[in-house]
$ cat upload-v1.txt   # compact mmCIF, C-alpha atoms
# COMPACT_ATOMS: atom_id res chain seq x y z
CA MET A 208 -79.78 -17.84 62.98
CA SER A 209 -79.16 -14.17 63.49
CA ALA A 210 -77.42 -11.93 60.97
CA GLY A 211 -74.53 -11.44 63.42
CA TYR A 212 -73.92 -15.18 63.48
CA ASP A 213 -73.78 -15.28 59.70
CA MET A 214 -71.18 -12.50 59.59
CA ARG A 215 -68.84 -13.60 62.39
CA GLY A 216 -66.14 -14.65 59.90
CA ALA A 217 -66.02 -11.09 58.58
CA ALA A 218 -65.08 -9.53 61.93
CA PRO A 219 -61.91 -7.48 61.38
CA VAL A 220 -58.83 -9.02 63.00
CA GLY A 221 -56.15 -6.84 61.46
CA LEU A 222 -55.07 -4.70 58.56
CA LEU A 223 -53.87 -5.96 55.20
CA GLU A 224 -50.75 -3.78 55.40
CA GLU A 225 -49.76 -5.49 58.67
CA LEU A 226 -49.69 -8.96 57.14
CA PRO A 227 -46.54 -10.55 55.75
CA ARG A 228 -46.41 -10.36 51.95
CA LEU A 229 -47.55 -13.95 51.30
CA GLU A 230 -50.51 -13.76 53.66
CA ALA A 231 -51.61 -10.42 52.20
CA ALA A 232 -51.41 -11.81 48.66
CA THR A 233 -53.38 -14.89 49.71
CA VAL A 234 -56.14 -12.70 51.15
CA MET A 235 -56.26 -10.68 47.93
CA TYR A 236 -56.40 -13.82 45.76
CA LEU A 237 -59.26 -15.14 47.89
CA ARG A 238 -61.11 -11.87 47.43
CA LEU A 239 -60.43 -11.75 43.70
CA TRP A 240 -61.45 -15.38 43.19
CA CYS A 241 -64.77 -14.91 44.97
CA ASP A 242 -65.47 -11.44 43.58
CA SER A 243 -66.02 -12.07 39.88
CA PRO A 244 -64.87 -13.80 36.70
CA GLU A 245 -62.74 -10.70 36.06
CA GLY A 246 -61.06 -11.26 39.42
CA GLN A 247 -60.33 -14.85 38.48
CA ALA A 248 -58.90 -13.67 35.15
CA SER A 249 -56.65 -11.29 37.07
CA ILE A 250 -55.28 -14.23 39.08
CA TRP A 251 -54.66 -16.15 35.86
CA ARG A 252 -52.71 -13.19 34.47
CA ASP A 253 -50.54 -13.13 37.59
CA PHE A 254 -49.81 -16.85 37.30
CA TYR A 255 -49.13 -16.50 33.58
CA GLY A 256 -46.87 -13.50 34.11
CA TYR A 257 -44.74 -15.36 36.62
CA TYR A 258 -44.81 -18.97 35.41
CA GLY A 259 -45.34 -18.63 31.67
CA ARG A 260 -48.05 -20.44 29.72
CA LYS A 261 -47.08 -24.08 30.33
CA ASN A 262 -46.42 -23.89 34.05
CA ALA A 263 -49.15 -21.37 34.74
CA ARG A 264 -51.80 -23.84 33.60
CA SER A 265 -50.76 -26.51 36.07
CA GLN A 266 -50.29 -24.04 38.92
CA MET A 267 -53.63 -22.37 38.22
CA ALA A 268 -55.37 -25.75 38.00
CA ARG A 269 -54.14 -26.55 41.52
CA PHE A 270 -55.35 -23.19 42.76
CA GLU A 271 -58.76 -23.66 41.14
CA LYS A 272 -59.19 -27.14 42.62
CA LEU A 273 -58.29 -25.91 46.07
CA MET A 274 -60.67 -22.95 45.86
CA SER A 275 -63.49 -25.21 44.66
CA LEU A 276 -62.88 -27.64 47.51
CA VAL A 277 -62.75 -24.88 50.12
CA LEU A 278 -65.87 -23.11 48.88
CA ILE A 279 -67.94 -26.25 48.31
CA HIS A 280 -67.07 -27.79 51.67
CA SER A 281 -67.10 -24.68 53.84
CA ARG A 282 -69.06 -24.95 57.08
CA ARG A 283 -70.81 -21.71 56.18
CA PRO A 284 -70.24 -19.11 53.47
CA LEU A 285 -66.66 -17.84 53.71
CA GLN A 286 -66.81 -14.19 54.72
CA ARG A 287 -64.64 -11.68 52.91
CA HIS A 288 -64.12 -7.96 52.83
CA GLN A 289 -64.37 -5.89 49.66
CA LEU A 290 -61.40 -5.86 47.27
CA LYS A 291 -60.24 -2.40 48.29
CA CYS A 292 -60.89 -2.81 52.01
CA THR A 293 -57.81 -2.42 54.20
CA CYS A 294 -59.21 -4.67 56.96
CA VAL A 295 -58.68 -8.42 57.13
CA GLY A 296 -61.55 -10.55 58.37
CA GLY A 297 -61.29 -13.63 60.54
CA ASP A 298 -62.07 -16.07 57.72
CA GLU A 299 -59.58 -14.35 55.43
CA CYS A 300 -56.87 -14.50 58.10
CA ALA A 301 -57.57 -18.19 58.81
CA PHE A 302 -57.43 -18.94 55.07
CA ALA A 303 -54.11 -17.12 54.62
CA ASN A 304 -52.53 -18.82 57.62
CA PHE A 305 -53.85 -22.17 56.39
CA ILE A 306 -52.10 -21.70 53.03
CA VAL A 307 -48.80 -20.66 54.64
CA ALA A 308 -48.84 -23.52 57.17
CA ALA A 309 -49.45 -26.02 54.37
CA ALA A 310 -46.66 -24.51 52.26
CA LEU A 311 -44.27 -24.90 55.19
CA GLY A 312 -45.24 -28.55 55.59
CA GLU A 313 -47.04 -27.93 58.88
CA GLN A 314 -49.89 -30.28 58.00
CA GLU A 315 -51.46 -30.52 61.45
CA ASP A 316 -51.56 -26.74 61.77
CA ALA A 317 -52.94 -26.43 58.25
CA MET A 318 -55.71 -28.94 59.04
CA LEU A 319 -56.57 -27.15 62.28
CA LEU A 320 -56.71 -23.78 60.51
CA ALA A 321 -58.82 -25.22 57.67
CA SER A 322 -61.29 -26.60 60.19
CA ASN A 323 -62.09 -23.01 61.18
CA PHE A 324 -63.87 -22.49 57.87
CA MET A 325 -64.29 -25.99 56.39
CA ARG A 326 -65.93 -29.21 57.40
CA PRO A 327 -63.32 -31.09 59.46
CA ASP A 328 -63.56 -34.20 57.29
CA MET A 329 -62.44 -32.14 54.28
CA ALA A 330 -59.75 -30.17 56.12
CA VAL A 331 -57.26 -33.03 55.66
CA VAL A 332 -57.83 -33.08 51.91
CA ALA A 333 -57.58 -29.30 51.70
CA ALA A 334 -54.35 -29.21 53.73
CA ASN A 335 -52.75 -31.69 51.35
CA MET A 336 -53.84 -29.67 48.33
CA ALA A 337 -52.82 -26.35 49.85
CA GLY A 338 -49.09 -27.10 50.17
CA PRO A 339 -48.24 -26.88 46.46
CA VAL A 340 -50.58 -23.89 46.06
CA GLY A 341 -48.86 -22.07 48.91
CA LEU A 342 -45.45 -22.83 47.43
CA ALA A 343 -46.54 -21.49 44.06
CA LEU A 344 -47.90 -18.31 45.61
CA SER A 345 -44.79 -17.83 47.72
CA GLN A 346 -42.60 -18.01 44.63
CA MET A 347 -44.77 -15.41 42.93
CA VAL A 348 -44.93 -12.89 45.76
CA GLN A 349 -41.68 -13.53 47.60
CA PRO A 350 -39.10 -14.34 44.94
CA GLU A 351 -36.37 -13.16 47.29
CA ILE A 352 -37.03 -16.16 49.57
CA SER A 353 -35.23 -19.24 48.37
CA PRO A 354 -37.10 -22.54 47.93
CA GLU A 355 -34.78 -24.02 50.56
CA LYS A 356 -36.88 -22.28 53.21
CA PHE A 357 -39.62 -24.70 52.25
CA SER A 358 -37.37 -27.73 51.80
CA ASN A 359 -38.84 -29.48 54.82
CA THR A 360 -42.26 -29.68 53.22
CA LYS A 361 -43.91 -33.04 52.83
CA HIS A 362 -45.64 -32.70 49.44
$ encode --input "upload-v1.txt" --output "structure tokens"
Amino acid sequence: MSAGYDMRGAAPVGLLEELPRLEAATVMYLRLWCDSPEGQASIWRDFYGYYGRKNARSQMARFEKLMSLVLIHSRRPLQRHQLKCTCVGGDECAFANFIVAAALGEQEDAMLLASNFMRPDMAVVAANMAGPVGLALSQMVQPEISPEKFSNTKH
């Protein structure tokens, strides 16, 4: 396999500033999670700051399980840009759109998007897990959007 094949998921497809708020936050949480234990601690602080101790634990546990599933069952290493990079790579964009589709209850779309970076047999599981995670993230980064927008979800 050539080096170009290994890096195809990192090809820039847009700019972080062009993404809607939830997608941009999802890309940043993916980067932070994969970057370091300090990045993971930063995510925990965000969950804690929004949800408080009791609820943050359950929300963070869902996020951790989803990230483990995605990273363990990826078809190849998930490609990401550096934390401060303004570009968004193909894998990052697929991941963000996967989370949003799942949060909106669009399970078939979420499964299709997940299959871009995960084994197809695990995409169904990931799509089911991603709905509650996407809802939690949307509440954190888009508090001005009412939960009714997501009332058609099937979680």
$ closest_residue --input "upload-v1.txt" --among "A:Leu273, A:Gly221, A:Asn262, A:Pro227" --to "Gly296 of chain A" --atoms "only C-alpha atoms"
A:Gly221
$ atom_distance --input "upload-v1.txt" --atom1 "atom CA of Gln349 of chain A" --atom2 "atom CA of Ser249 of chain A"
18.4 Å
$ residues_around --input "upload-v1.txt" --residues "segment 310-327 of chain A" --least-positions-apart "6" --cutoff "10 Å" --atoms "only C-alpha atoms" --output "short mmCIF file (atom, residue, chain, number, x, y, z; two decimals) with C-alpha atoms, in the coordinates of the input"
data_model
loop_
_atom_site.label_atom_id
_atom_site.label_comp_id
_atom_site.auth_asym_id
_atom_site.auth_seq_id
_atom_site.Cartn_x
_atom_site.Cartn_y
_atom_site.Cartn_z
CA GLY A 216 -66.14 -14.65 59.90
CA LEU A 276 -62.88 -27.64 47.51
CA VAL A 277 -62.75 -24.88 50.12
CA LEU A 278 -65.87 -23.11 48.88
CA ILE A 279 -67.94 -26.25 48.31
CA HIS A 280 -67.07 -27.79 51.67
CA SER A 281 -67.10 -24.68 53.84
CA ARG A 282 -69.06 -24.95 57.08
CA ARG A 283 -70.81 -21.71 56.18
CA PRO A 284 -70.24 -19.11 53.47
CA LEU A 285 -66.66 -17.84 53.71
CA GLN A 286 -66.81 -14.19 54.72
CA GLY A 297 -61.29 -13.63 60.54
CA ASP A 298 -62.07 -16.07 57.72
CA GLU A 299 -59.58 -14.35 55.43
CA CYS A 300 -56.87 -14.50 58.10
CA ALA A 301 -57.57 -18.19 58.81
CA PHE A 302 -57.43 -18.94 55.07
CA ALA A 303 -54.11 -17.12 54.62
CA ASN A 304 -52.53 -18.82 57.62
CA ALA A 333 -57.58 -29.30 51.70
CA ALA A 334 -54.35 -29.21 53.73
CA ASN A 335 -52.75 -31.69 51.35
CA MET A 336 -53.84 -29.67 48.33
CA ALA A 337 -52.82 -26.35 49.85
CA GLY A 338 -49.09 -27.10 50.17
CA PRO A 339 -48.24 -26.88 46.46
CA VAL A 340 -50.58 -23.89 46.06
CA GLY A 341 -48.86 -22.07 48.91
CA LEU A 342 -45.45 -22.83 47.43
CA ALA A 343 -46.54 -21.49 44.06
CA LEU A 344 -47.90 -18.31 45.61
CA SER A 345 -44.79 -17.83 47.72
CA LYS A 356 -36.88 -22.28 53.21
CA PHE A 357 -39.62 -24.70 52.25
CA SER A 358 -37.37 -27.73 51.80
CA ASN A 359 -38.84 -29.48 54.82
CA THR A 360 -42.26 -29.68 53.22
CA LYS A 361 -43.91 -33.04 52.83
CA HIS A 362 -45.64 -32.70 49.44
#
$ atom_distance --input "upload-v1.txt" --atom1 "atom CA of Val220 of chain A" --atom2 "atom CA of Trp240 of chain A"
21.0 Å
$ closest_residue --input "upload-v1.txt" --among "A:Phe305, A:Cys294, A:Phe254, A:Ala218" --to "Arg269 of chain A" --atoms "only C-alpha atoms"
A:Phe254
$ closest_residue --input "upload-v1.txt" --among "A:Glu271, A:Glu225, A:Asp328, A:Gln289" --to "Gln247 of chain A" --atoms "only C-alpha atoms"
A:Glu271
$ residues_near_point --input "upload-v1.txt" --point "(-63.4, -7.7, 49.4)" --cutoff "8 Å" --atoms "only C-alpha atoms" --output "PyMOL selection string"
chain A and resi 235+238-239+242+287-292
